[in-house]
>>> print(open('final.txt').read())   # compact mmCIF, C-alpha atoms and all ligand atoms
# COMPACT_ATOMS: atom_id res chain seq x y z
CA MET A 1 106.07 99.45 131.48
CA GLY A 2 108.91 96.97 130.95
CA ARG A 3 111.17 96.67 127.98
CA THR A 4 109.32 96.60 124.68
CA VAL A 5 110.18 94.66 121.57
CA VAL A 6 109.10 95.00 117.94
CA GLY A 7 107.97 92.04 115.82
CA VAL A 8 108.86 92.76 112.19
CA ASP A 9 107.24 90.85 109.32
CA ILE A 10 109.05 91.54 106.06
CA GLY A 11 106.51 90.73 103.35
CA SER A 12 106.67 91.02 99.58
CA ALA A 13 104.84 94.31 99.25
CA SER A 14 105.17 95.81 102.73
CA ILE A 15 106.88 95.59 106.12
CA ARG A 16 104.62 95.36 109.17
CA ALA A 17 105.76 96.00 112.71
CA VAL A 18 104.06 95.60 116.08
CA GLU A 19 105.64 96.84 119.33
CA VAL A 20 104.58 94.95 122.43
CA ALA A 21 105.14 95.53 126.14
CA ASP A 22 104.88 92.84 128.81
CA SER A 23 104.84 90.02 126.26
CA ARG A 24 104.91 87.39 129.03
CA LYS A 25 101.76 88.64 130.74
CA ALA A 26 98.37 87.05 130.19
CA MET A 27 97.24 90.22 128.40
CA PRO A 28 100.26 91.83 126.72
CA GLU A 29 99.92 95.41 125.50
CA VAL A 30 100.37 96.47 121.90
CA VAL A 31 101.91 99.92 122.16
CA ARG A 32 102.38 100.70 118.48
CA CYS A 33 101.87 99.13 115.10
CA HIS A 34 102.53 100.37 111.62
CA GLU A 35 103.13 99.25 108.06
CA VAL A 36 105.11 100.73 105.14
CA ALA A 37 105.01 99.72 101.49
CA LEU A 38 108.05 98.23 99.78
CA PRO A 39 109.02 98.86 96.18
CA GLU A 40 108.65 95.89 93.84
CA GLY A 41 111.66 93.56 93.93
CA ALA A 42 113.16 94.73 97.26
CA VAL A 43 111.99 91.51 98.94
CA ARG A 44 111.20 88.18 97.28
CA SER A 45 109.62 85.27 99.12
CA GLY A 46 110.42 86.85 102.47
CA GLU A 47 114.08 87.34 101.57
CA VAL A 48 115.67 90.75 101.35
CA MET A 49 117.08 91.29 97.85
CA GLU A 50 117.95 94.98 98.26
CA PRO A 51 119.27 95.57 101.80
CA HIS A 52 119.60 99.33 101.43
CA THR A 53 116.07 99.78 100.12
CA VAL A 54 114.72 97.67 102.97
CA ALA A 55 116.85 99.51 105.55
CA THR A 56 115.41 102.82 104.29
CA ALA A 57 111.89 101.39 104.52
CA LEU A 58 112.61 100.25 108.09
CA SER A 59 113.83 103.76 109.02
CA THR A 60 110.64 105.25 107.53
CA LEU A 61 108.60 102.67 109.41
CA TRP A 62 110.30 103.57 112.69
CA SER A 63 109.81 107.31 112.30
CA ALA A 64 106.27 107.17 110.88
CA GLY A 65 105.13 104.57 113.42
CA GLY A 66 106.91 106.25 116.34
CA PHE A 67 108.53 103.00 117.52
CA ARG A 68 110.65 103.47 120.64
CA SER A 69 112.42 100.13 120.94
CA LYS A 70 115.26 99.18 118.60
CA ASP A 71 114.98 95.49 119.51
CA VAL A 72 113.55 93.50 116.65
CA VAL A 73 112.28 89.94 116.33
CA LEU A 74 112.40 88.80 112.70
CA GLY A 75 110.34 86.06 111.10
CA MET A 76 111.51 83.38 108.69
CA GLY A 77 109.23 81.15 106.71
CA ASN A 78 109.83 80.40 103.06
CA HIS A 79 111.19 77.66 100.81
CA ARG A 80 114.61 78.09 102.44
CA VAL A 81 113.30 76.99 105.85
CA LEU A 82 112.38 73.43 106.56
CA ALA A 83 110.45 71.97 109.48
CA ARG A 84 110.28 68.20 109.97
CA GLU A 85 109.01 65.89 112.68
CA VAL A 86 111.94 64.03 114.24
CA SER A 87 112.45 61.80 117.28
CA VAL A 88 115.70 61.73 119.21
CA PRO A 89 116.72 59.80 122.34
CA ARG A 90 115.65 61.76 125.42
CA MET A 91 118.40 64.02 126.76
CA SER A 92 118.81 67.62 127.87
CA MET A 93 117.90 70.33 125.35
CA ARG A 94 121.54 71.40 125.28
CA GLN A 95 122.59 67.87 124.35
CA VAL A 96 119.83 67.65 121.74
CA ARG A 97 121.03 70.86 120.11
CA GLU A 98 124.65 69.64 120.10
CA ALA A 99 123.70 66.28 118.62
CA LEU A 100 121.34 67.65 115.94
CA PRO A 101 123.94 68.40 113.23
CA PHE A 102 125.05 64.76 113.27
CA GLN A 103 121.55 63.33 113.22
CA VAL A 104 119.72 65.35 110.62
CA GLN A 105 121.92 65.64 107.53
CA ASP A 106 119.86 62.97 105.76
CA LEU A 107 116.73 65.07 106.17
CA LEU A 108 118.25 68.23 104.70
CA PRO A 109 118.70 69.17 101.05
CA VAL A 110 121.69 71.40 101.91
CA PRO A 111 124.90 70.86 103.97
CA VAL A 112 124.29 71.13 107.72
CA ALA A 113 127.11 73.68 107.96
CA ASP A 114 125.07 76.10 105.83
CA THR A 115 122.01 75.97 108.09
CA LEU A 116 120.81 77.24 111.44
CA LEU A 117 119.23 74.33 113.31
CA ASP A 118 116.85 74.16 116.22
CA PHE A 119 114.61 71.60 117.85
CA TYR A 120 111.22 72.21 119.49
CA PRO A 121 110.12 69.35 121.75
CA VAL A 122 106.49 68.28 121.38
CA SER A 123 106.06 65.03 123.33
CA GLU A 124 107.85 62.06 124.90
CA THR A 125 107.29 58.39 124.14
CA MET A 126 108.72 55.14 125.50
CA THR A 127 110.19 52.77 122.92
CA ASP A 128 112.11 49.46 123.02
CA THR A 129 115.36 51.42 122.90
CA GLY A 130 114.40 53.83 125.70
CA PRO A 131 112.59 57.15 126.08
CA MET A 132 112.38 59.31 122.96
CA LEU A 133 111.76 63.00 122.55
CA ASN A 134 109.48 63.81 119.61
CA GLY A 135 109.59 67.27 118.18
CA LEU A 136 110.05 69.60 115.27
CA LEU A 137 113.40 70.12 113.66
CA VAL A 138 113.74 73.58 112.13
CA ALA A 139 116.52 74.19 109.65
CA ALA A 140 116.98 77.57 107.96
CA VAL A 141 119.54 78.34 105.28
CA LYS A 142 121.95 80.76 106.99
CA GLU A 143 122.40 82.98 103.98
CA ALA A 144 118.66 83.63 103.76
CA VAL A 145 118.44 84.64 107.43
CA ASN A 146 121.63 86.71 107.34
CA GLY A 147 120.39 88.92 104.50
CA ASN A 148 117.35 89.99 106.53
CA VAL A 149 119.40 90.55 109.68
CA ALA A 150 121.83 92.67 107.62
CA ALA A 151 119.01 94.98 106.49
CA VAL A 152 117.88 95.42 110.12
CA THR A 153 121.45 96.24 111.18
CA LEU A 154 121.82 98.75 108.34
CA ALA A 155 118.75 100.54 109.69
CA GLY A 156 120.47 100.89 113.09
CA LEU A 157 118.26 98.28 114.79
CA ASN A 158 119.17 95.10 116.72
CA THR A 159 117.87 91.67 115.81
CA VAL A 160 117.30 90.04 119.20
CA ASP A 161 115.67 86.89 117.82
CA VAL A 162 114.69 85.15 114.60
CA ASP A 163 111.61 82.97 114.81
CA LEU A 164 109.77 80.66 112.46
CA ILE A 165 106.68 82.45 111.07
CA PRO A 166 104.47 79.37 111.62
CA PHE A 167 105.43 79.45 115.33
CA ALA A 168 104.58 83.15 115.49
CA LEU A 169 101.17 82.37 113.98
CA THR A 170 100.62 79.59 116.49
CA ARG A 171 101.44 81.83 119.41
CA VAL A 172 98.70 84.33 118.60
CA LEU A 173 96.10 82.17 116.91
CA ALA A 174 96.11 79.31 119.44
CA ARG A 175 95.24 81.85 122.15
CA ALA A 176 92.61 83.59 120.07
CA HIS A 177 90.85 80.36 119.02
CA SER A 178 91.29 78.24 122.12
CA GLU A 179 87.78 76.75 121.79
CA HIS A 180 89.21 74.15 119.36
CA ARG A 181 91.65 71.61 120.78
CA SER A 182 93.05 70.63 117.40
CA MET A 183 93.27 73.18 114.60
CA ALA A 184 95.17 73.94 111.45
CA PHE A 185 96.45 77.44 110.78
CA VAL A 186 96.84 78.19 107.12
CA GLU A 187 98.48 81.46 106.12
CA VAL A 188 98.49 82.30 102.42
CA GLY A 189 101.04 85.00 101.60
CA ALA A 190 102.26 86.31 98.26
CA ALA A 191 104.87 83.62 97.65
CA THR A 192 104.48 81.23 100.56
CA THR A 193 101.70 79.31 102.27
CA SER A 194 102.32 78.04 105.81
CA VAL A 195 100.35 75.20 107.34
CA VAL A 196 100.62 74.45 111.07
CA VAL A 197 98.68 71.79 112.93
CA VAL A 198 98.28 72.65 116.59
CA VAL A 199 96.96 70.48 119.41
CA ALA A 200 96.25 72.16 122.75
CA GLY A 201 98.35 75.14 121.73
CA VAL A 202 101.43 73.12 120.74
CA PRO A 203 102.50 73.02 117.08
CA GLN A 204 102.76 69.37 116.05
CA PHE A 205 103.44 69.73 112.40
CA VAL A 206 104.62 72.51 110.09
CA ARG A 207 104.77 72.67 106.30
CA ILE A 208 105.79 75.58 104.16
CA ILE A 209 104.33 75.36 100.66
CA PRO A 210 106.11 77.57 98.10
CA THR A 211 103.02 79.10 96.52
CA GLY A 212 100.80 82.09 97.26
CA GLY A 213 98.68 84.89 95.87
CA ALA A 214 101.43 86.28 93.63
CA ASP A 215 101.28 83.08 91.58
CA VAL A 216 97.68 83.83 90.56
CA THR A 217 98.57 87.33 89.41
CA ALA A 218 101.60 85.96 87.53
CA ALA A 219 99.44 83.30 85.84
CA LEU A 220 96.91 85.93 84.67
CA VAL A 221 99.76 87.99 83.22
CA ALA A 222 101.50 85.05 81.57
CA ARG A 223 98.46 83.24 80.21
CA LEU A 224 96.03 86.04 79.38
CA GLY A 225 98.50 88.82 78.61
CA MET A 226 97.05 91.11 81.30
CA GLU A 227 99.04 94.02 82.76
CA PRO A 228 100.19 93.24 86.34
CA ASP A 229 97.91 95.93 87.87
CA GLU A 230 94.94 94.73 85.87
CA ALA A 231 95.66 91.13 86.87
CA GLU A 232 95.93 92.08 90.54
CA SER A 233 92.58 93.84 90.57
CA ALA A 234 90.92 91.11 88.50
CA LYS A 235 92.11 88.58 91.04
CA ARG A 236 90.68 90.53 93.95
CA SER A 237 87.30 91.15 92.34
CA ILE A 238 86.49 88.21 90.09
CA GLY A 239 86.88 85.16 92.26
CA SER A 240 86.93 81.64 90.99
CA GLU A 241 83.32 80.78 90.13
CA SER A 242 83.03 81.46 86.41
CA SER A 243 79.26 80.85 86.48
CA ALA A 244 78.92 84.01 88.59
CA VAL A 245 81.00 86.39 86.43
CA PRO A 246 80.32 88.21 83.12
CA ALA A 247 81.32 86.35 79.93
CA ASP A 248 84.40 88.53 79.25
CA GLN A 249 85.85 87.48 82.60
CA HIS A 250 85.43 83.73 82.21
CA ALA A 251 89.02 83.15 81.08
CA ALA A 252 90.38 84.97 84.15
CA ALA A 253 87.92 83.16 86.43
CA ASP A 254 89.14 79.84 85.02
CA VAL A 255 92.79 80.67 85.71
CA ILE A 256 91.88 81.76 89.24
CA ALA A 257 89.79 78.63 89.79
CA GLU A 258 92.66 76.39 88.67
CA TYR A 259 95.02 78.06 91.14
CA SER A 260 92.43 77.87 93.96
CA ARG A 261 91.89 74.18 93.30
CA GLU A 262 95.62 73.46 93.33
CA LEU A 263 96.22 75.42 96.50
CA VAL A 264 93.31 73.76 98.29
CA GLN A 265 94.59 70.39 97.09
CA SER A 266 98.08 71.03 98.54
CA ILE A 267 96.57 72.14 101.85
CA GLN A 268 94.28 69.12 101.85
CA ASN A 269 97.18 66.73 101.08
CA THR A 270 99.09 68.16 104.02
CA LEU A 271 96.11 67.81 106.36
CA ASN A 272 95.45 64.25 105.13
CA TYR A 273 99.04 63.33 105.84
CA VAL A 274 98.73 64.65 109.38
CA ALA A 275 95.37 62.90 109.88
CA ASN A 276 96.93 59.59 108.78
CA THR A 277 99.92 59.89 111.06
CA ARG A 278 98.05 61.22 114.09
CA GLN A 279 94.59 59.82 114.40
CA ASN A 280 93.87 60.85 117.99
CA ASP A 281 93.17 64.53 117.54
CA PRO A 282 91.44 65.24 114.23
CA VAL A 283 91.51 68.90 113.22
CA SER A 284 88.12 70.48 113.96
CA ALA A 285 88.73 73.90 112.40
CA VAL A 286 91.01 75.70 109.99
CA VAL A 287 92.01 79.29 110.71
CA LEU A 288 92.66 80.91 107.34
CA ALA A 289 94.98 83.94 107.40
CA GLY A 290 97.24 86.02 105.15
CA GLY A 291 96.54 88.38 102.27
CA GLY A 292 96.30 85.59 99.71
CA ALA A 293 93.50 83.98 101.73
CA GLN A 294 91.23 86.85 100.72
CA LEU A 295 90.95 85.43 97.22
CA PRO A 296 87.19 85.29 96.63
CA GLY A 297 85.96 81.70 96.80
CA LEU A 298 89.08 80.22 98.38
CA ALA A 299 87.62 79.84 101.88
CA ALA A 300 84.46 78.20 100.52
CA ARG A 301 86.49 75.74 98.47
CA LEU A 302 88.63 74.89 101.50
CA ALA A 303 85.50 74.39 103.64
CA THR A 304 84.10 71.94 101.11
CA ALA A 305 87.39 70.06 100.81
CA THR A 306 88.08 69.76 104.53
CA GLY A 307 84.53 69.53 105.87
CA VAL A 308 85.45 71.66 108.89
CA ASP A 309 84.72 75.26 109.89
CA ILE A 310 86.96 77.88 108.32
CA LEU A 311 87.63 80.65 110.83
CA ARG A 312 89.06 84.09 110.16
CA PRO A 313 91.88 84.99 112.52
CA ASP A 314 91.38 87.48 115.27
CA ALA A 315 94.85 87.85 116.63
CA PHE A 316 94.22 91.11 118.46
CA SER A 317 91.49 89.70 120.70
CA THR A 318 94.08 88.51 123.23
CA VAL A 319 96.03 91.74 123.72
CA THR A 320 95.24 95.17 125.05
CA LEU A 321 95.76 98.19 122.84
CA GLY A 322 97.77 101.16 124.08
CA LYS A 323 96.69 104.77 123.62
CA ASN A 324 99.09 105.31 120.70
CA VAL A 325 97.56 102.62 118.53
CA ASP A 326 95.67 104.07 115.57
CA LEU A 327 92.43 102.10 115.94
CA ALA A 328 90.88 103.07 112.61
CA ARG A 329 94.00 101.99 110.75
CA LEU A 330 94.33 98.81 112.75
CA ALA A 331 90.71 97.89 112.05
CA GLU A 332 91.55 97.75 108.34
CA ARG A 333 94.86 95.94 108.63
CA ARG A 334 94.58 93.76 111.74
CA GLY A 335 94.68 90.55 109.69
CA ALA A 336 97.91 91.64 108.02
CA MET A 337 99.53 92.35 111.40
CA THR A 338 99.04 88.82 112.76
CA VAL A 339 102.56 87.55 112.05
CA ALA A 340 104.27 90.69 113.39
CA LEU A 341 102.23 90.44 116.59
CA GLY A 342 103.12 86.77 117.02
CA LEU A 343 106.81 87.54 116.54
CA ALA A 344 106.73 90.27 119.20
CA LEU A 345 104.85 88.02 121.66
CA GLY A 346 107.53 85.35 121.36
CA SER A 347 110.33 87.45 122.75
CA ALA A 348 111.32 87.33 126.38
CA ALA A 349 110.82 91.10 126.91
N1 LIG B 401 91.47 91.24 98.53
C1 LIG B 401 92.35 90.36 98.06
N2 LIG B 401 91.97 89.34 97.25
C2 LIG B 401 92.84 88.46 96.75
N3 LIG B 401 94.16 88.50 97.02
C3 LIG B 401 94.60 89.49 97.82
C4 LIG B 401 93.74 90.46 98.38
N4 LIG B 401 94.48 91.30 99.15
C5 LIG B 401 95.74 90.89 99.06
N5 LIG B 401 95.84 89.80 98.26
C6 LIG B 401 97.06 89.06 97.90
O1 LIG B 401 97.71 88.67 99.09
C7 LIG B 401 99.11 88.54 98.81
C8 LIG B 401 99.88 89.24 99.89
O2 LIG B 401 99.57 88.65 101.12
P1 LIG B 401 100.48 88.92 102.40
O3 LIG B 401 100.54 90.38 102.62
O4 LIG B 401 100.01 88.03 103.47
O5 LIG B 401 101.87 88.37 101.82
P2 LIG B 401 103.35 88.72 102.20
O6 LIG B 401 103.53 88.56 103.65
O7 LIG B 401 103.73 90.03 101.60
O8 LIG B 401 104.13 87.58 101.39
P3 LIG B 401 104.95 86.31 101.88
O9 LIG B 401 104.45 85.95 103.24
O10 LIG B 401 104.66 85.27 100.86
O11 LIG B 401 106.36 86.76 101.88
C9 LIG B 401 99.36 89.14 97.44
O12 LIG B 401 99.54 88.11 96.50
C10 LIG B 401 98.07 89.92 97.18
O13 LIG B 401 97.78 89.98 95.81
MG MG B 402 103.80 86.89 104.88
>>> encode(input="final.txt", output="structure tokens", more="lines below")
Ligand SMILES: Nc1ncnc2c1ncn2[C@@H]1O[C@H](COP(=O)(O)OP(=O)(O)OP(=O)(O)O)[C@@H](O)[C@H]1O
Ligand SMILES: [Mg+2]
Amino acid sequence: MGRTVVGVDIGSASIRAVEVADSRKAMPEVVRCHEVALPEGAVRSGEVMEPHTVATALSTLWSAGGFRSKDVVLGMGNHRVLAREVSVPRMSMRQVREALPFQVQDLLPVPVADTLLDFYPVSETMTDTGPMLNGLLVAAVKEAVNGNVAAVTLAGLNTVDVDLIPFALTRVLARAHSEHRSMAFVEVGAATTSVVVVVAGVPQFVRIIPTGGADVTAALVARLGMEPDEAESAKRSIGSESSAVPADQHAAADVIAEYSRELVQSIQNTLNYVANTRQNDPVSAVVLAGGGAQLPGLAARLATATGVDILRPDAFSTVTLGKNVDLARLAERRGAMTVALGLALGSAA
């Protein structure tokens, strides 16, 4: 077995890690995966607020999960990361990267000097002024990335790469659902919803919407005076069709329905925008992932709005599982491990 690497997804309520060997092979092997809970407030919107608490959680994760490698790939994907479609004159990737800071300031809400920039080429076109390279500009606020790297370092681990969470999703889901040429991946987290449109395995478009499942719980607390725990369990059980719930739950169902409608509308707006700008490859399926996507009724609403099939992700169908993987545990949490798996598969190990 070659060098292994661990994809680490730092979520709001837990950290999930997947260790992969032979990530470049057609069938990489998952050697270990594990998840530990985080105390409330340690991480907000994917950003480490309490580095020492997170470092302790990472150490617990490493010992409880038996991870061997110390090489970590971290994910970034929140309101402090921006992805935009840009076109630049065709040149080498090194030249593109050097030129980026001078070309993109107008697109960014923060000074270029405070960001980490990268460019992912998608296609080439010929224009009157010469050949152009079309791709995705990714800009992450340095401070937001550095905080997460600092927590990893405190835990005695090495960050070998930081990758955009929507790219990690693409890497696993495009392989698992290759029967559709053009798809959208929608991942609803606690604070963030990522939308990626992929054609033939290549991400064409990425949007990060700053809303997620935690907003529903917060709305139930703020508007109906529920306790947070009560609101969380109401959200998971009630769903958003008030006709189907007992009378005393109508108010909660209405709040949940309003959130569902708004979220579906934002996703739909994003997909409409893509459909208008790229008419050749209409999306024929949406893969709906993330904890927040389990909200009862959300998938049905999205199916009605988009008119396409809504698929549940099956990220682990394209890897082999090593003998140390706890299959019973994985069966319950495989959806939650999707991002961590995608992060590990992106490394050059
Ligand atoms: N069965 C369920 N029904 C409804 N919502 C659920 C269910 N299970 C989990 N959630 C919600 O999913 C959200 C967490 O999802 P996930 O674990 O994907 O987010 P995260 O990675 O921690 O957050 P983020 O990606 O935004 O940083 C929470 O808001 C939680 O309440
Ligand atoms: Mg997440």
>>> residues_near_ligand(input="final.txt", ligand="ligand LIG 401 (chain B)", cutoff="6 Å", atoms="all atoms listed in the file", output="NGL selection string")
:A and (11-13 or 45-46 or 189-192 or 213-214 or 232 or 235-236 or 290-292 or 294-295)
>>> closest_residue(input="final.txt", among="A:Arg278, A:Met337, A:Arg24, A:Leu263", to="Ala305 of chain A", atoms="all atoms listed in the file")
A:Leu263
>>> residues_near_ligand(input="final.txt", ligand="ligand MG 402 (chain B)", cutoff="12 Å", atoms="all atoms listed in the file", output="ChimeraX atom specification")
/A:8-16,43-47,74-78,164-166,168-169,186-194,208,210-214,289-293,335-340
>>> residues_around(input="final.txt", residues="Thr115 of chain A", least_positions_apart="3", cutoff="8 Å", atoms="only C-alpha atoms", output="PDB file with C-alpha atoms, in the coordinates of the input")
ATOM      1  CA  VAL A 110     121.690  71.400 101.910  1.00  0.00           C
ATOM      2  CA  PRO A 111     124.900  70.860 103.970  1.00  0.00           C
ATOM      3  CA  VAL A 112     124.290  71.130 107.720  1.00  0.00           C
ATOM      4  CA  ALA A 139     116.520  74.190 109.650  1.00  0.00           C
ATOM      5  CA  ALA A 140     116.980  77.570 107.960  1.00  0.00           C
ATOM      6  CA  VAL A 141     119.540  78.340 105.280  1.00  0.00           C
ATOM      7  CA  LYS A 142     121.950  80.760 106.990  1.00  0.00           C
TER       8      LYS A 142
END
>>> residues_around(input="final.txt", residues="Ala64 of chain A", least_positions_apart="3", cutoff="9 Å", atoms="all atoms listed in the file", output="ChimeraX atom specification")
/A:34-36,59-61,67
>>> residues_near_point(input="final.txt", point="(104.0, 72.2, 119.6)", cutoff="8 Å", atoms="only C-alpha atoms", output="compact mmCIF listing (two decimals) with C-alpha atoms, in the coordinates of the input")
# COMPACT_ATOMS: atom_id res chain seq x y z
CA TYR A 120 111.22 72.21 119.49
CA PRO A 121 110.12 69.35 121.75
CA VAL A 122 106.49 68.28 121.38
CA GLY A 135 109.59 67.27 118.18
CA LEU A 136 110.05 69.60 115.27
CA VAL A 198 98.28 72.65 116.59
CA VAL A 199 96.96 70.48 119.41
CA GLY A 201 98.35 75.14 121.73
CA VAL A 202 101.43 73.12 120.74
CA PRO A 203 102.50 73.02 117.08
CA GLN A 204 102.76 69.37 116.05
CA PHE A 205 103.44 69.73 112.40
>>> atom_distance(input="final.txt", atom1="atom CA of Ala234 of chain A", atom2="atom CA of Ala184 of chain A")
29.0 Å
>>> axis_aligned_box(input="final.txt", around="segment 21-40 of chain A", padding_each_side="6 Å", output="lines of an AutoDock Vina configuration file")
center_x = 103.1
center_y = 93.9
center_z = 112.3
size_x = 23.8
size_y = 25.7
size_z = 48.9
>>> closest_residue(input="final.txt", among="A:Thr159, A:Ser63, A:Thr56, A:Thr170", to="Arg32 of chain A", atoms="all atoms listed in the file")
A:Ser63
>>> atom_distance(input="final.txt", atom1="atom CA of His79 of chain A", atom2="atom CA of Asp309 of chain A")
28.1 Å
>>> atom_distance(input="final.txt", atom1="atom CA of Gly130 of chain A", atom2="atom CA of Arg90 of chain A")
8.0 Å
>>> closest_residue(input="final.txt", among="A:Leu321, A:Ala200, A:Ala113, A:Ala176", to="Pro282 of chain A", atoms="all atoms listed in the file")
A:Ala200
>>> closest_residue(input="final.txt", among="A:Asp71, A:Ala150, A:Ser87, A:Val138", to="Phe167 of chain A", atoms="only C-alpha atoms")
A:Val138
>>> residues_near_point(input="final.txt", point="(84.9, 88.8, 91.9)", cutoff="12 Å", atoms="all atoms listed in the file", output="list in words")
Glu232, Ser233, Ala234, Lys235, Arg236, Ser237, Ile238, Gly239, Ser240, Glu241, Ser242, Ser243, Ala244, Val245, Pro246, Gln249, His250, Ala252, Ala253, Ile256, Ala257, Gln294, Leu295, Pro296, Gly297 and Leu298 of chain A
>>> closest_residue(input="final.txt", among="A:Met226, A:Leu116, A:Val172, A:Ala251", to="Pro313 of chain A", atoms="only C-alpha atoms")
A:Val172
>>> closest_residue(input="final.txt", among="A:Ala55, A:Leu224, A:Leu82, A:Ala219", to="Leu157 of chain A", atoms="only C-alpha atoms")
A:Ala55
>>> residues_around(input="final.txt", residues="Gln265 of chain A", least_positions_apart="5", cutoff="10 Å", atoms="all atoms listed in the file", output="list in words")
Tyr259, Ser260, Thr270, Leu271, Arg301, Leu302, Ala305 and Thr306 of chain A
>>> write_last_selection(input="final.txt", atoms="C-alpha atoms", output="compact mmCIF listing (two decimals), in the coordinates of the input")
# COMPACT_ATOMS: atom_id res chain seq x y z
CA TYR A 259 95.02 78.06 91.14
CA SER A 260 92.43 77.87 93.96
CA THR A 270 99.09 68.16 104.02
CA LEU A 271 96.11 67.81 106.36
CA ARG A 301 86.49 75.74 98.47
CA LEU A 302 88.63 74.89 101.50
CA ALA A 305 87.39 70.06 100.81
CA THR A 306 88.08 69.76 104.53
>>> residues_around(input="final.txt", residues="segment 26-31 of chain A", least_positions_apart="6", cutoff="7 Å", atoms="only C-alpha atoms", output="list in words")
Val18, Glu19, Val20, Thr318, Val319, Thr320, Leu321, Gly322, Asn324 and Val325 of chain A
>>> residues_around(input="final.txt", residues="Val283 of chain A", least_positions_apart="5", cutoff="8 Å", atoms="only C-alpha atoms", output="ChimeraX atom specification")
/A:182-184,197,275,308
>>> decode(input="final.txt", residues="segment 100-143 of chain A", atoms="C-alpha atoms", output="PDB file, in the first residue's frame")
ATOM      1  CA  LEU A 100      -4.785  36.439 -11.644  1.00  0.00           C
ATOM      2  CA  PRO A 101      -4.247  38.990  -8.849  1.00  0.00           C
ATOM      3  CA  PHE A 102      -4.195  41.805 -11.414  1.00  0.00           C
ATOM      4  CA  GLN A 103      -7.239  40.602 -13.310  1.00  0.00           C
ATOM      5  CA  VAL A 104      -9.744  39.706 -10.646  1.00  0.00           C
ATOM      6  CA  GLN A 105      -9.840  42.502  -8.066  1.00  0.00           C
ATOM      7  CA  ASP A 106     -13.088  43.826  -9.557  1.00  0.00           C
ATOM      8  CA  LEU A 107     -14.770  40.481  -8.916  1.00  0.00           C
ATOM      9  CA  LEU A 108     -13.768  40.292  -5.259  1.00  0.00           C
ATOM     10  CA  PRO A 109     -15.393  41.956  -2.262  1.00  0.00           C
ATOM     11  CA  VAL A 110     -12.070  41.949  -0.351  1.00  0.00           C
ATOM     12  CA  PRO A 111      -8.502  43.074  -1.227  1.00  0.00           C
ATOM     13  CA  VAL A 112      -6.665  40.537  -3.398  1.00  0.00           C
ATOM     14  CA  ALA A 113      -3.778  40.565  -0.912  1.00  0.00           C
ATOM     15  CA  ASP A 114      -6.063  39.044   1.735  1.00  0.00           C
ATOM     16  CA  THR A 115      -7.095  36.086  -0.428  1.00  0.00           C
ATOM     17  CA  LEU A 116      -5.719  32.816  -1.725  1.00  0.00           C
ATOM     18  CA  LEU A 117      -6.466  32.604  -5.441  1.00  0.00           C
ATOM     19  CA  ASP A 118      -6.599  29.724  -7.864  1.00  0.00           C
ATOM     20  CA  PHE A 119      -7.925  29.045 -11.326  1.00  0.00           C
ATOM     21  CA  TYR A 120      -9.402  25.783 -12.631  1.00  0.00           C
ATOM     22  CA  PRO A 121      -9.538  25.620 -16.431  1.00  0.00           C
ATOM     23  CA  VAL A 122     -12.793  24.293 -17.890  1.00  0.00           C
ATOM     24  CA  SER A 123     -12.691  24.930 -21.651  1.00  0.00           C
ATOM     25  CA  GLU A 124     -11.051  26.927 -24.443  1.00  0.00           C
ATOM     26  CA  THR A 125     -12.769  29.197 -26.950  1.00  0.00           C
ATOM     27  CA  MET A 126     -11.590  31.254 -29.919  1.00  0.00           C
ATOM     28  CA  THR A 127     -12.547  34.933 -29.866  1.00  0.00           C
ATOM     29  CA  ASP A 128     -11.759  37.996 -32.018  1.00  0.00           C
ATOM     30  CA  THR A 129      -8.891  38.822 -29.679  1.00  0.00           C
ATOM     31  CA  GLY A 130      -7.408  35.311 -29.713  1.00  0.00           C
ATOM     32  CA  PRO A 131      -7.810  32.046 -27.809  1.00  0.00           C
ATOM     33  CA  MET A 132      -9.357  32.304 -24.347  1.00  0.00           C
ATOM     34  CA  LEU A 133      -9.238  29.955 -21.408  1.00  0.00           C
ATOM     35  CA  ASN A 134     -12.571  29.699 -19.572  1.00  0.00           C
ATOM     36  CA  GLY A 135     -12.557  28.459 -16.039  1.00  0.00           C
ATOM     37  CA  LEU A 136     -13.419  28.915 -12.414  1.00  0.00           C
ATOM     38  CA  LEU A 137     -11.693  31.460 -10.263  1.00  0.00           C
ATOM     39  CA  VAL A 138     -11.566  30.416  -6.619  1.00  0.00           C
ATOM     40  CA  ALA A 139     -10.775  33.042  -4.016  1.00  0.00           C
ATOM     41  CA  ALA A 140     -10.670  32.209  -0.310  1.00  0.00           C
ATOM     42  CA  VAL A 141     -10.140  34.712   2.485  1.00  0.00           C
ATOM     43  CA  LYS A 142      -6.709  33.783   3.895  1.00  0.00           C
ATOM     44  CA  GLU A 143      -7.666  34.350   7.498  1.00  0.00           C
TER      45      GLU A 143
END
